[in-house]
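Novice: Supplied structure: start11.cif, mmCIF, C-alpha atoms.
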data_input
#
loop_
_atom_site.group_PDB
_atom_site.id
_atom_site.type_symbol
_atom_site.label_atom_id
_atom_site.label_comp_id
_atom_site.auth_asym_id
_atom_site.auth_seq_id
_atom_site.Cartn_x
_atom_site.Cartn_y
_atom_site.Cartn_z
ATOM 1 C CA MET G 589 0.000 0.000 0.000
ATOM 2 C CA GLY G 590 1.476 3.338 -1.008
ATOM 3 C CA LYS G 591 2.241 6.134 1.439
ATOM 4 C CA SER G 592 -0.556 8.637 1.908
ATOM 5 C CA LYS G 593 0.159 12.251 1.064
ATOM 6 C CA ARG G 594 0.910 14.506 3.967
ATOM 7 C CA ASN G 595 -2.142 16.434 5.006
ATOM 8 C CA SER G 596 -2.294 20.117 4.122
ATOM 9 C CA PRO G 597 -1.622 22.387 7.089
ATOM 10 C CA LYS G 598 -4.609 23.677 8.950
ATOM 11 C CA PRO G 599 -5.434 27.330 8.292
ATOM 12 C CA ASP G 600 -3.907 29.711 10.847
ATOM 13 C CA SER G 601 -1.580 26.969 12.138
ATOM 14 C CA ASN G 602 2.133 27.612 12.749
ATOM 15 C CA ARG G 603 3.026 25.334 9.855
ATOM 16 C CA ALA G 604 0.691 27.189 7.496
ATOM 17 C CA GLN G 605 2.256 30.482 8.560
ATOM 18 C CA ARG G 606 5.798 29.164 7.972
ATOM 19 C CA LEU G 607 4.847 27.900 4.520
ATOM 20 C CA ALA G 608 3.259 31.235 3.644
ATOM 21 C CA GLU G 609 6.367 33.124 4.807
ATOM 22 C CA ARG G 610 8.596 30.802 2.784
ATOM 23 C CA ARG G 611 6.508 31.328 -0.362
ATOM 24 C CA ALA G 612 6.558 35.080 0.163
ATOM 25 C CA ALA G 613 10.348 35.037 0.533
ATOM 26 C CA GLN G 614 10.716 32.942 -2.628
ATOM 27 C CA GLU G 615 8.457 35.286 -4.577
ATOM 28 C CA GLN G 616 10.419 38.301 -3.335
ATOM 29 C CA ALA G 617 13.712 36.675 -4.347
ATOM 30 C CA ALA G 618 12.321 35.892 -7.792
ATOM 31 C CA GLN G 619 11.305 39.546 -8.270
ATOM 32 C CA THR G 620 14.658 40.968 -7.152
ATOM 33 C CA VAL G 621 16.830 42.133 -10.023
ATOM 34 C CA THR G 622 20.308 40.679 -9.485
ATOM 35 C CA ARG G 623 22.287 43.250 -11.488
ATOM 36 C CA PRO G 624 20.017 46.270 -11.937
ATOM 37 C CA PHE G 625 22.524 48.667 -13.506
ATOM 38 C CA ALA G 626 23.934 46.252 -16.097
ATOM 39 C CA GLY G 627 24.328 47.790 -19.542
ATOM 40 C CA LEU G 628 25.308 51.218 -18.220
ATOM 41 C CA ALA G 629 28.828 52.618 -18.491
ATOM 42 C CA ALA G 630 28.228 54.230 -15.089
ATOM 43 C CA GLU G 631 27.220 50.935 -13.428
ATOM 44 C CA CYS G 632 30.091 50.785 -10.926
ATOM 45 C CA ASP G 633 29.728 54.407 -9.818
ATOM 46 C CA LEU G 634 25.956 54.017 -9.505
ATOM 47 C CA VAL G 635 26.508 51.080 -7.151
ATOM 48 C CA ALA G 636 29.060 53.096 -5.142
ATOM 49 C CA LEU G 637 26.689 56.060 -4.831
ATOM 50 C CA ARG G 638 23.907 53.782 -3.613
ATOM 51 C CA GLU G 639 25.985 51.833 -1.108
ATOM 52 C CA PHE G 640 28.680 53.910 0.559
ATOM 53 C CA VAL G 641 29.567 57.301 -0.941
ATOM 54 C CA PRO G 642 28.330 59.932 1.537
ATOM 55 C CA SER G 643 27.881 63.088 -0.542
ATOM 56 C CA ALA G 644 28.283 63.438 -4.296
ATOM 57 C CA THR G 645 26.349 64.731 -7.286
ATOM 58 C CA ALA G 646 26.463 64.321 -11.058
ATOM 59 C CA THR G 647 24.425 65.818 -13.889
ATOM 60 C CA LEU G 648 22.785 62.974 -15.786
ATOM 61 C CA LYS G 649 22.908 62.766 -19.556
ATOM 62 C CA LEU G 650 19.410 61.782 -20.639
ATOM 63 C CA ALA G 651 18.961 59.318 -23.467
ATOM 64 C CA PRO G 652 17.992 60.698 -26.887
ATOM 65 C CA GLY G 653 14.220 60.760 -27.072
ATOM 66 C CA ALA G 654 13.714 60.653 -23.295
ATOM 67 C CA GLN G 655 10.597 62.502 -22.183
ATOM 68 C CA GLY G 656 11.335 66.124 -21.298
ATOM 69 C CA ASP G 657 14.453 68.270 -21.420
ATOM 70 C CA ARG G 658 14.668 69.514 -17.819
ATOM 71 C CA PRO G 659 18.213 68.988 -16.434
ATOM 72 C CA VAL G 660 18.506 66.247 -13.813
ATOM 73 C CA THR G 661 21.151 65.873 -11.104
ATOM 74 C CA LEU G 662 21.803 62.509 -9.488
ATOM 75 C CA ALA G 663 22.669 62.814 -5.788
ATOM 76 C CA THR G 664 23.764 60.282 -3.225
ATOM 77 C CA VAL G 665 21.005 61.345 -0.856
ATOM 78 C CA LEU G 666 18.450 64.166 -0.795
ATOM 79 C CA PRO G 667 16.874 65.853 2.248
ATOM 80 C CA GLY G 668 14.609 63.344 3.961
ATOM 81 C CA ALA G 669 16.009 60.603 1.699
ATOM 82 C CA VAL G 670 13.230 61.382 -0.806
ATOM 83 C CA ALA G 671 13.290 59.802 -4.247
ATOM 84 C CA ALA G 672 13.260 63.099 -6.157
ATOM 85 C CA LEU G 673 12.571 66.798 -6.021
ATOM 86 C CA VAL G 674 12.441 69.730 -8.390
ATOM 87 C CA ARG G 675 14.358 72.816 -7.375
ATOM 88 C CA ALA G 676 12.647 76.053 -8.417
ATOM 89 C CA GLY G 677 14.548 78.769 -10.253
ATOM 90 C CA ALA G 678 14.929 80.481 -13.591
ATOM 91 C CA GLU G 679 15.563 76.991 -14.973
ATOM 92 C CA PRO G 680 13.914 74.358 -12.738
ATOM 93 C CA THR G 681 16.238 71.429 -12.077
ATOM 94 C CA GLY G 682 15.325 67.887 -11.148
ATOM 95 C CA PHE G 683 17.234 66.008 -8.443
ATOM 96 C CA VAL G 684 17.011 62.238 -7.929
ATOM 97 C CA GLY G 685 18.460 60.303 -5.001
ATOM 98 C CA ALA G 686 20.513 57.114 -5.084
ATOM 99 C CA GLN G 687 20.019 56.386 -1.377
ATOM 100 C CA VAL G 688 16.292 56.566 -0.677
ATOM 101 C CA GLN G 689 13.984 55.794 2.205
ATOM 102 C CA HIS G 690 11.498 53.732 0.166
ATOM 103 C CA GLN G 691 12.559 51.413 -2.660
ATOM 104 C CA SER G 692 11.370 48.421 -4.647
ATOM 105 C CA ALA G 693 13.252 45.279 -5.625
ATOM 106 C CA ASP G 694 14.526 47.056 -8.758
ATOM 107 C CA PRO G 695 16.518 50.220 -7.944
ATOM 108 C CA ALA G 696 17.170 50.904 -11.639
ATOM 109 C CA ALA G 697 13.424 51.028 -12.354
ATOM 110 C CA ASP G 698 12.974 53.284 -9.316
ATOM 111 C CA LEU G 699 15.636 55.647 -10.605
ATOM 112 C CA ALA G 700 14.127 55.710 -14.099
ATOM 113 C CA ALA G 701 10.688 56.542 -12.674
ATOM 114 C CA ALA G 702 12.123 59.271 -10.452
ATOM 115 C CA ILE G 703 13.922 60.879 -13.404
ATOM 116 C CA LEU G 704 10.770 60.904 -15.524
ATOM 117 C CA TRP G 705 8.762 62.341 -12.616
ATOM 118 C CA THR G 706 11.099 65.351 -12.440
ATOM 119 C CA GLN G 707 10.332 66.240 -16.051
ATOM 120 C CA SER G 708 6.715 67.233 -15.378
ATOM 121 C CA ALA G 709 6.581 67.865 -11.612
ATOM 122 C CA GLU G 710 5.888 71.341 -10.289
ATOM 123 C CA PRO G 711 8.988 73.292 -9.158
ATOM 124 C CA GLY G 712 9.339 73.047 -5.397
ATOM 125 C CA GLY G 713 7.710 69.613 -5.249
ATOM 126 C CA SER G 714 9.248 66.435 -3.887
ATOM 127 C CA LEU G 715 8.546 62.715 -4.288
ATOM 128 C CA ASP G 716 8.837 60.535 -1.189
ATOM 129 C CA SER G 717 8.518 57.242 -3.062
ATOM 130 C CA VAL G 718 8.330 56.358 -6.754
ATOM 131 C CA ALA G 719 5.344 54.189 -5.868
ATOM 132 C CA GLU G 720 3.471 57.481 -5.500
ATOM 133 C CA SER G 721 4.653 58.894 -8.825
ATOM 134 C CA GLY G 722 2.197 57.104 -11.091
ATOM 135 C CA VAL G 723 5.017 56.782 -13.630
ATOM 136 C CA ALA G 724 5.420 53.542 -15.585
ATOM 137 C CA ALA G 725 9.086 53.867 -16.415
ATOM 138 C CA PRO G 726 10.909 52.071 -19.223
ATOM 139 C CA ALA G 727 14.320 50.527 -18.630
ATOM 140 C CA LEU G 728 16.890 52.904 -17.159
ATOM 141 C CA THR G 729 19.011 52.393 -20.301
ATOM 142 C CA GLU G 730 16.185 54.115 -22.226
ATOM 143 C CA VAL G 731 16.025 57.063 -19.836
ATOM 144 C CA ILE G 732 19.714 57.953 -19.425
ATOM 145 C CA ASP G 733 22.475 57.588 -22.007
ATOM 146 C CA PRO G 734 23.835 54.058 -21.381
ATOM 147 C CA GLY G 735 27.251 54.969 -22.771
ATOM 148 C CA ALA G 736 27.800 58.032 -20.583
ATOM 149 C CA SER G 737 29.976 57.929 -17.483
ATOM 150 C CA LEU G 738 29.217 60.137 -14.476
ATOM 151 C CA ASP G 739 31.010 63.478 -14.227
ATOM 152 C CA LEU G 740 31.019 63.415 -10.434
ATOM 153 C CA THR G 741 31.413 66.201 -7.916
ATOM 154 C CA VAL G 742 32.350 64.854 -4.490
ATOM 155 C CA HIS G 743 31.267 67.118 -1.624
ATOM 156 C CA SER G 744 32.739 67.465 1.853
ATOM 157 C CA ASP G 745 29.327 68.385 3.289
ATOM 158 C CA PHE G 746 25.616 68.614 2.462
ATOM 159 C CA ASN G 747 25.471 72.389 2.057
ATOM 160 C CA TRP G 748 24.518 71.844 -1.593
ATOM 161 C CA TRP G 749 21.061 70.809 -0.323
ATOM 162 C CA VAL G 750 20.289 74.545 -0.293
ATOM 163 C CA PRO G 751 20.769 76.611 -3.487
ATOM 164 C CA ALA G 752 23.467 79.278 -3.429
ATOM 165 C CA GLY G 753 22.223 82.574 -2.052
ATOM 166 C CA VAL G 754 19.244 81.018 -0.241
ATOM 167 C CA GLN G 755 19.026 81.289 3.548
ATOM 168 C CA PRO G 756 17.602 78.020 4.945
ATOM 169 C CA ASP G 757 15.045 78.093 7.741
ATOM 170 C CA PRO G 758 16.293 76.991 11.193
ATOM 171 C CA GLN G 759 14.929 73.442 10.894
ATOM 172 C CA VAL G 760 16.611 72.847 7.526
ATOM 173 C CA ALA G 761 19.843 74.409 8.779
ATOM 174 C CA ALA G 762 19.812 72.096 11.813
ATOM 175 C CA THR G 763 19.239 69.050 9.567
ATOM 176 C CA ILE G 764 22.181 70.016 7.352
ATOM 177 C CA GLU G 765 24.413 70.600 10.367
ATOM 178 C CA GLN G 766 23.536 67.176 11.754
ATOM 179 C CA ALA G 767 24.241 65.502 8.396
ATOM 180 C CA ASN G 768 27.547 67.356 8.059
ATOM 181 C CA ARG G 769 28.709 66.113 11.462
ATOM 182 C CA ALA G 770 28.128 62.495 10.403
ATOM 183 C CA ILE G 771 29.746 62.690 6.964
ATOM 184 C CA MET G 772 32.832 60.628 6.157
ATOM 185 C CA PRO G 773 35.445 62.258 3.886
ATOM 186 C CA SER G 774 35.526 60.492 0.518
ATOM 187 C CA ALA G 775 37.221 60.696 -2.862
ATOM 188 C CA ARG G 776 37.109 58.840 -6.149
ATOM 189 C CA LEU G 777 40.577 57.700 -7.187
ATOM 190 C CA GLU G 778 41.374 58.565 -10.799
ATOM 191 C CA LEU G 779 43.561 55.655 -11.905
ATOM 192 C CA GLY G 780 43.907 56.411 -15.599
ATOM 193 C CA ALA G 781 42.019 55.729 -18.813
ATOM 194 C CA ASP G 782 42.709 51.984 -18.677
ATOM 195 C CA ALA G 783 41.394 51.521 -15.127
ATOM 196 C CA VAL G 784 38.374 49.268 -14.685
ATOM 197 C CA GLY G 785 35.464 49.924 -12.322
ATOM 198 C CA ALA G 786 35.181 52.619 -9.676
ATOM 199 C CA ALA G 787 37.748 52.903 -6.857
ATOM 200 C CA TRP G 788 36.587 54.989 -3.900
ATOM 201 C CA TRP G 789 38.546 56.114 -0.842
ATOM 202 C CA VAL G 790 36.493 56.703 2.305
ATOM 203 C CA ASP G 791 37.831 57.816 5.701
ATOM 204 C CA ALA G 792 35.886 55.893 8.352
ATOM 205 C CA GLY G 793 37.820 57.244 11.364
ATOM 206 C CA GLU G 794 40.574 55.047 12.723
ATOM 207 C CA ARG G 795 41.097 53.560 9.266
ATOM 208 C CA ALA G 796 40.398 54.649 5.748
ATOM 209 C CA HIS G 797 39.127 52.200 3.157
ATOM 210 C CA LEU G 798 39.513 51.664 -0.556
ATOM 211 C CA ARG G 799 36.325 50.115 -1.933
ATOM 212 C CA TRP G 800 36.741 49.133 -5.550
ATOM 213 C CA VAL G 801 33.484 48.331 -7.357
ATOM 214 C CA ARG G 802 34.342 45.965 -10.210
ATOM 215 C CA PRO G 803 32.213 45.115 -13.293
ATOM 216 C CA GLU G 804 33.485 41.559 -13.845
ATOM 217 C CA ASN G 805 31.515 38.408 -13.155
ATOM 218 C CA GLU G 806 31.615 37.861 -9.385
ATOM 219 C CA ASP G 807 32.976 34.316 -9.501
ATOM 220 C CA ASP G 808 35.627 35.175 -12.120
ATOM 221 C CA LEU G 809 36.787 38.100 -10.009
ATOM 222 C CA MET G 810 36.986 35.946 -6.876
ATOM 223 C CA LEU G 811 39.244 33.466 -8.691
ATOM 224 C CA ALA G 812 41.436 36.325 -9.910
ATOM 225 C CA LEU G 813 41.742 37.710 -6.385
ATOM 226 C CA ALA G 814 42.757 34.248 -5.205
ATOM 227 C CA ARG G 815 45.529 34.102 -7.824
ATOM 228 C CA VAL G 816 46.807 37.539 -6.832
ATOM 229 C CA HIS G 817 46.651 36.644 -3.123
ATOM 230 C CA ALA G 818 48.582 33.404 -3.582
ATOM 231 C CA ALA G 819 51.280 35.358 -5.420
ATOM 232 C CA GLY G 820 51.547 37.869 -2.540
ATOM 233 C CA GLY G 821 50.061 40.756 -4.519
ATOM 234 C CA LEU G 822 46.776 41.356 -2.713
ATOM 235 C CA GLN G 823 47.865 44.638 -1.105
ATOM 236 C CA LEU G 824 48.547 48.281 -1.879
ATOM 237 C CA GLY G 825 51.921 48.482 -0.166
ATOM 238 C CA GLU G 826 52.902 49.742 3.269
ATOM 239 C CA GLY G 827 49.987 50.929 5.377
ATOM 240 C CA SER G 828 47.436 48.753 3.557
ATOM 241 C CA ARG G 829 45.703 45.464 4.261
ATOM 242 C CA PHE G 830 43.150 43.502 2.283
ATOM 243 C CA ALA G 831 40.043 43.519 4.469
ATOM 244 C CA GLY G 832 37.707 41.317 2.424
ATOM 245 C CA SER G 833 34.976 41.883 -0.131
ATOM 246 C CA PHE G 834 31.245 42.309 -0.364
ATOM 247 C CA ARG G 835 28.681 41.484 -3.027
ATOM 248 C CA THR G 836 26.014 43.989 -3.956
ATOM 249 C CA HIS G 837 23.816 44.626 -7.005
ATOM 250 C CA GLY G 838 25.434 41.717 -8.837
ATOM 251 C CA LEU G 839 28.975 43.021 -8.399
ATOM 252 C CA LEU G 840 31.909 42.134 -6.160
ATOM 253 C CA VAL G 841 33.654 44.937 -4.250
ATOM 254 C CA PRO G 842 37.180 44.264 -2.901
ATOM 255 C CA VAL G 843 37.972 46.347 0.195
ATOM 256 C CA PHE G 844 41.350 47.439 1.565
ATOM 257 C CA ASP G 845 42.055 49.008 4.958
ATOM 258 C CA LEU G 846 44.386 51.981 4.599
ATOM 259 C CA ASP G 847 46.415 54.305 6.789
ATOM 260 C CA HIS G 848 44.017 57.255 7.086
ATOM 261 C CA ASP G 849 46.866 59.717 7.691
ATOM 262 C CA ARG G 850 47.814 59.460 4.030
ATOM 263 C CA HIS G 851 46.053 61.595 1.424
ATOM 264 C CA PRO G 852 43.851 59.697 -1.061
ATOM 265 C CA ALA G 853 46.120 60.761 -3.926
ATOM 266 C CA GLU G 854 48.998 58.896 -2.271
ATOM 267 C CA TRP G 855 47.247 55.594 -3.010
ATOM 268 C CA VAL G 856 46.706 56.173 -6.735
ATOM 269 C CA THR G 857 49.952 54.592 -7.971
ATOM 270 C CA ALA G 858 49.664 51.500 -5.756
ATOM 271 C CA ALA G 859 45.999 51.043 -6.663
ATOM 272 C CA ALA G 860 46.765 51.311 -10.372
ATOM 273 C CA GLU G 861 49.511 48.706 -10.027
ATOM 274 C CA PHE G 862 47.139 46.390 -8.203
ATOM 275 C CA GLY G 863 44.600 46.895 -11.005
ATOM 276 C CA VAL G 864 47.185 45.702 -13.538
ATOM 277 C CA ARG G 865 47.920 42.583 -11.446
ATOM 278 C CA LEU G 866 44.223 41.851 -11.157
ATOM 279 C CA LEU G 867 43.606 42.180 -14.905
ATOM 280 C CA ALA G 868 46.467 39.771 -15.577
ATOM 281 C CA ALA G 869 44.956 37.278 -13.133
ATOM 282 C CA LEU G 870 41.553 37.653 -14.802
ATOM 283 C CA ALA G 871 43.132 36.766 -18.141
ATOM 284 C CA ALA G 872 44.658 33.531 -16.769
ATOM 285 C CA ASP G 873 42.788 30.357 -17.669
ATOM 286 C CA SER G 874 44.920 27.663 -16.070
ATOM 287 C CA PRO G 875 43.431 25.550 -13.238
ATOM 288 C CA LEU G 876 43.995 26.944 -9.744
ATOM 289 C CA THR G 877 47.003 25.602 -7.896
ATOM 290 C CA ALA G 878 46.689 24.188 -4.388
ATOM 291 C CA ASP G 879 47.860 27.521 -2.917
ATOM 292 C CA GLU G 880 45.388 29.426 -5.061
ATOM 293 C CA ARG G 881 42.524 27.150 -3.980
ATOM 294 C CA ARG G 882 43.406 27.763 -0.339
ATOM 295 C CA SER G 883 43.481 31.488 -1.037
ATOM 296 C CA ARG G 884 40.069 31.290 -2.723
ATOM 297 C CA ASP G 885 38.540 29.469 0.231
ATOM 298 C CA GLY G 886 40.011 31.976 2.681
ATOM 299 C CA LEU G 887 38.780 34.958 0.662
ATOM 300 C CA ARG G 888 35.272 33.509 0.407
ATOM 301 C CA SER G 889 35.121 33.110 4.175
ATOM 302 C CA ARG G 890 35.722 36.885 4.528
ATOM 303 C CA GLN G 891 33.014 37.861 2.052
ATOM 304 C CA VAL G 892 29.645 39.367 2.907
ATOM 305 C CA THR G 893 26.558 40.023 0.815
ATOM 306 C CA LEU G 894 24.668 43.327 1.046
ATOM 307 C CA ARG G 895 21.880 42.654 -1.426
#
Can you turn what I pasted into structure tokens?
Specialist:
Amino acid sequence: MGKSKRNSPKPDSNRAQRLAERRAAQEQAAQTVTRPFAGLAAECDLVALREFVPSATATLKLAPGAQGDRPVTLATVLPGAVAALVRAGAEPTGFVGAQVQHQSADPAADLAAAILWTQSAEPGGSLDSVAESGVAAPALTEVIDPGASLDLTVHSDFNWWVPAGVQPDPQVAATIEQANRAIMPSARLELGADAVGAAWWVDAGERAHLRWVRPENEDDLMLALARVHAAGGLQLGEGSRFAGSFRTHGLLVPVFDLDHDRHPAEWVTAAAEFGVRLLAALAADSPLTADERRSRDGLRSRQVTLR
């Protein structure tokens, strides 16, 4: 006699609740876009702006045929972490935030909707969440020029939240002062025309960090890091230490701890040299040696996932 099928869980039982939570988690995972900014030349900088750059702005180059011609500035974060706002003036300007309070499983779609909202919104208005915008946005690659990099301005504070010549009210001034006290100095390292990805220096206090957002396949990059580590090249010289890596938005980000007493520009040469070593390791196709396999396993154990 065959085994009878397990009875369905009773409604409102603990088992029914666990199954419902598991299904909800699976559905959420299926909806999450693994690499939302793929296809954009600015992918690595977009990831950096979303994840760890404190204060930076860049004027976006809209795609040919995109709706509207109002200029749009991408910012790391806007007042109140809103999705977008339109600054009034002789020429109203749209601002969209990378780090927002409310977001969906597809940050690229959110950004596209926020950009399109700025094109018709009233000057002085703001958008808390793109879910409130009523905008059905196309792919981000159809809204901004996919081949354009970001011409970034890195700020040492959030004073740019208020237009030049405008006196903020006391509440806004207090908010800016609080944000300025918490900001971490940051800089994008310019490593030359042949450099790959986006290398960012951030001073976190006792140590500074180099966080290098890379565009390569995550697993390929991990193998390359293992090759470089086994050869003794996973460092930026004196005052540096490889701290690990994290995965986010479909990309792998190697992280180095640095002596924070040194100026960011002092790390440019060493970082560029490391980039050359890494590219050579990425080009290798031989099987990993025993030392390289041990390095790979050790590096994986020090890896975290943010997405």
Novice: Pick out the residues sitting within 8 Å of Val843 (chain G), and hand them over as a PDB file with C-alpha atoms, keeping the file's coordinate frame; count all atoms listed in the file, and ignore anything fewer than 6 positions along from it in its own chain.
Specialist:
ATOM      1  CA  HIS G 797      39.127  52.200   3.157  1.00  0.00           C
ATOM      2  CA  LEU G 798      39.513  51.664  -0.556  1.00  0.00           C
ATOM      3  CA  ARG G 799      36.325  50.115  -1.933  1.00  0.00           C
ATOM      4  CA  TRP G 800      36.741  49.133  -5.550  1.00  0.00           C
ATOM      5  CA  PHE G 830      43.150  43.502   2.283  1.00  0.00           C
ATOM      6  CA  ALA G 831      40.043  43.519   4.469  1.00  0.00           C
ATOM      7  CA  GLY G 832      37.707  41.317   2.424  1.00  0.00           C
ATOM      8  CA  SER G 833      34.976  41.883  -0.131  1.00  0.00           C
ATOM      9  CA  PHE G 834      31.245  42.309  -0.364  1.00  0.00           C
TER      10      PHE G 834
END
Novice: Could you list, as JSON, numbers by chain, every residue matched by the PyMOL selection byres ((chain G and resi 749) around 10) in this structure?
Specialist: {"G": [663, 665, 666, 667, 675, 745, 746, 747, 748, 750, 751, 752, 756, 760, 761, 764]}
Novice: Which residues, named as in the file, does the PyMOL selection byres ((chain G and resi 841) around 12) pick out? Answer as JSON, numbers by chain.
Specialist: {"G": [632, 633, 635, 636, 639, 640, 785, 786, 787, 788, 797, 798, 799, 800, 801, 802, 803, 804, 805, 806, 807, 809, 810, 813, 830, 831, 832, 833, 834, 835, 836, 837, 838, 839, 840, 842, 843, 844, 891, 892, 893, 894]}
Novice: Please identify all polymer residues lying at most 12 Å from the point (47.6, 34.1, -4.2) (file coordinates), using all atoms listed in the file, and present the result as an MDAnalysis selection string.
Specialist: chainID G and resid 810:823 865:866 869 876:887
Novice: Between G:Val754, G:Val641, G:Leu824, G:Ala696, which one has atoms that come closest to Ala626 (chain G), using all atoms listed in the file?
Specialist: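 Ranking G:Val754, G:Val641, G:Leu824, G:Ala696 by distance to Ala626 (chain G), first place goes to G:Ala696.
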Novice: Please evaluate the PyMOL selection byres ((chain G and resi 743) around 6) against the displayed coordinates and give the resulting residues as a PyMOL selection string.
Specialist: chain G and resi 643-644+742+744-745
Novice: Produce the centre coordinates and the three edge lengths, each in Å to one decimal, of the box along x, y and z that contains all listed atoms of region 717-734 of chain G with 5 Å added on each side, as lines of an AutoDock Vina configuration file.
Specialist:
center_x = 13.0
center_y = 54.7
center_z = -12.6
size_x = 31.6
size_y = 18.4
size_z = 29.2
Novice: Nearest residue to Leu673 (chain G) out of G:Ala701, G:Val718, G:Pro711, G:Leu740, using only C-alpha atoms?
Specialist: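 Checking each of G:Ala701, G:Val718, G:Pro711, G:Leu740 against Leu673 (chain G), counting only C-alpha atoms, the winner is G:Pro711.
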Novice: Using CA of Thr647 (chain G) and CA of Leu779 (chain G) as the two end points, give the distance in Å to one decimal.
Specialist: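 Here the two named atoms are 21.8 Å from each other.
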Novice: Looking at all atoms listed in the file, which of G:Arg769, G:His690, G:Arg776, G:Arg658 is the one that sits closest to Val856 (chain G)?
Specialist: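 Nearest to Val856 (chain G): G:Arg776.
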Novice: Just give me the gap between CA of Gly863 (chain G) and CA of Gly780 (chain G) in Å, one decimal is fine.
Specialist: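 Answer for the CA of Gly863 (chain G) to CA of Gly780 (chain G) separation: 10.6 Å.
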Novice: Could you add the missing atoms to region 678-689 of chain G, up to N, CA, C and O atoms, and return them as a compact mmCIF listing (two decimals), in the frame of the given file?
Specialist:
# COMPACT_ATOMS: atom_id res chain seq x y z
N ALA G 678 15.13 80.04 -12.22
CA ALA G 678 14.93 80.48 -13.59
C ALA G 678 14.84 79.29 -14.53
O ALA G 678 14.07 79.29 -15.50
N GLU G 679 15.63 78.26 -14.24
CA GLU G 679 15.56 76.99 -14.97
C GLU G 679 15.37 75.88 -13.95
O GLU G 679 16.33 75.44 -13.31
N PRO G 680 14.14 75.42 -13.73
CA PRO G 680 13.91 74.36 -12.74
C PRO G 680 14.79 73.14 -13.02
O PRO G 680 14.99 72.76 -14.18
N THR G 681 15.33 72.57 -11.95
CA THR G 681 16.24 71.43 -12.08
C THR G 681 15.72 70.26 -11.26
O THR G 681 15.33 70.42 -10.10
N GLY G 682 15.72 69.09 -11.86
CA GLY G 682 15.32 67.89 -11.15
C GLY G 682 16.50 67.30 -10.40
O GLY G 682 17.65 67.36 -10.86
N PHE G 683 16.23 66.74 -9.23
CA PHE G 683 17.23 66.01 -8.44
C PHE G 683 16.65 64.64 -8.11
O PHE G 683 15.49 64.54 -7.70
N VAL G 684 17.44 63.59 -8.29
CA VAL G 684 17.01 62.24 -7.93
C VAL G 684 18.05 61.64 -6.98
O VAL G 684 19.25 61.91 -7.10
N GLY G 685 17.58 60.86 -6.01
CA GLY G 685 18.46 60.30 -5.00
C GLY G 685 18.82 58.85 -5.28
O GLY G 685 17.99 58.07 -5.73
N ALA G 686 20.07 58.50 -4.98
CA ALA G 686 20.51 57.11 -5.08
C ALA G 686 20.18 56.34 -3.81
O ALA G 686 19.83 55.16 -3.85
N GLN G 687 20.32 57.00 -2.67
CA GLN G 687 20.02 56.39 -1.38
C GLN G 687 18.68 56.94 -0.91
O GLN G 687 18.58 58.12 -0.56
N VAL G 688 17.65 56.10 -0.93
CA VAL G 688 16.29 56.57 -0.68
C VAL G 688 15.67 55.81 0.49
O VAL G 688 16.12 54.72 0.86
N GLN G 689 14.65 56.40 1.05
CA GLN G 689 13.98 55.79 2.20
C GLN G 689 13.08 54.63 1.79
O GLN G 689 12.99 53.62 2.49
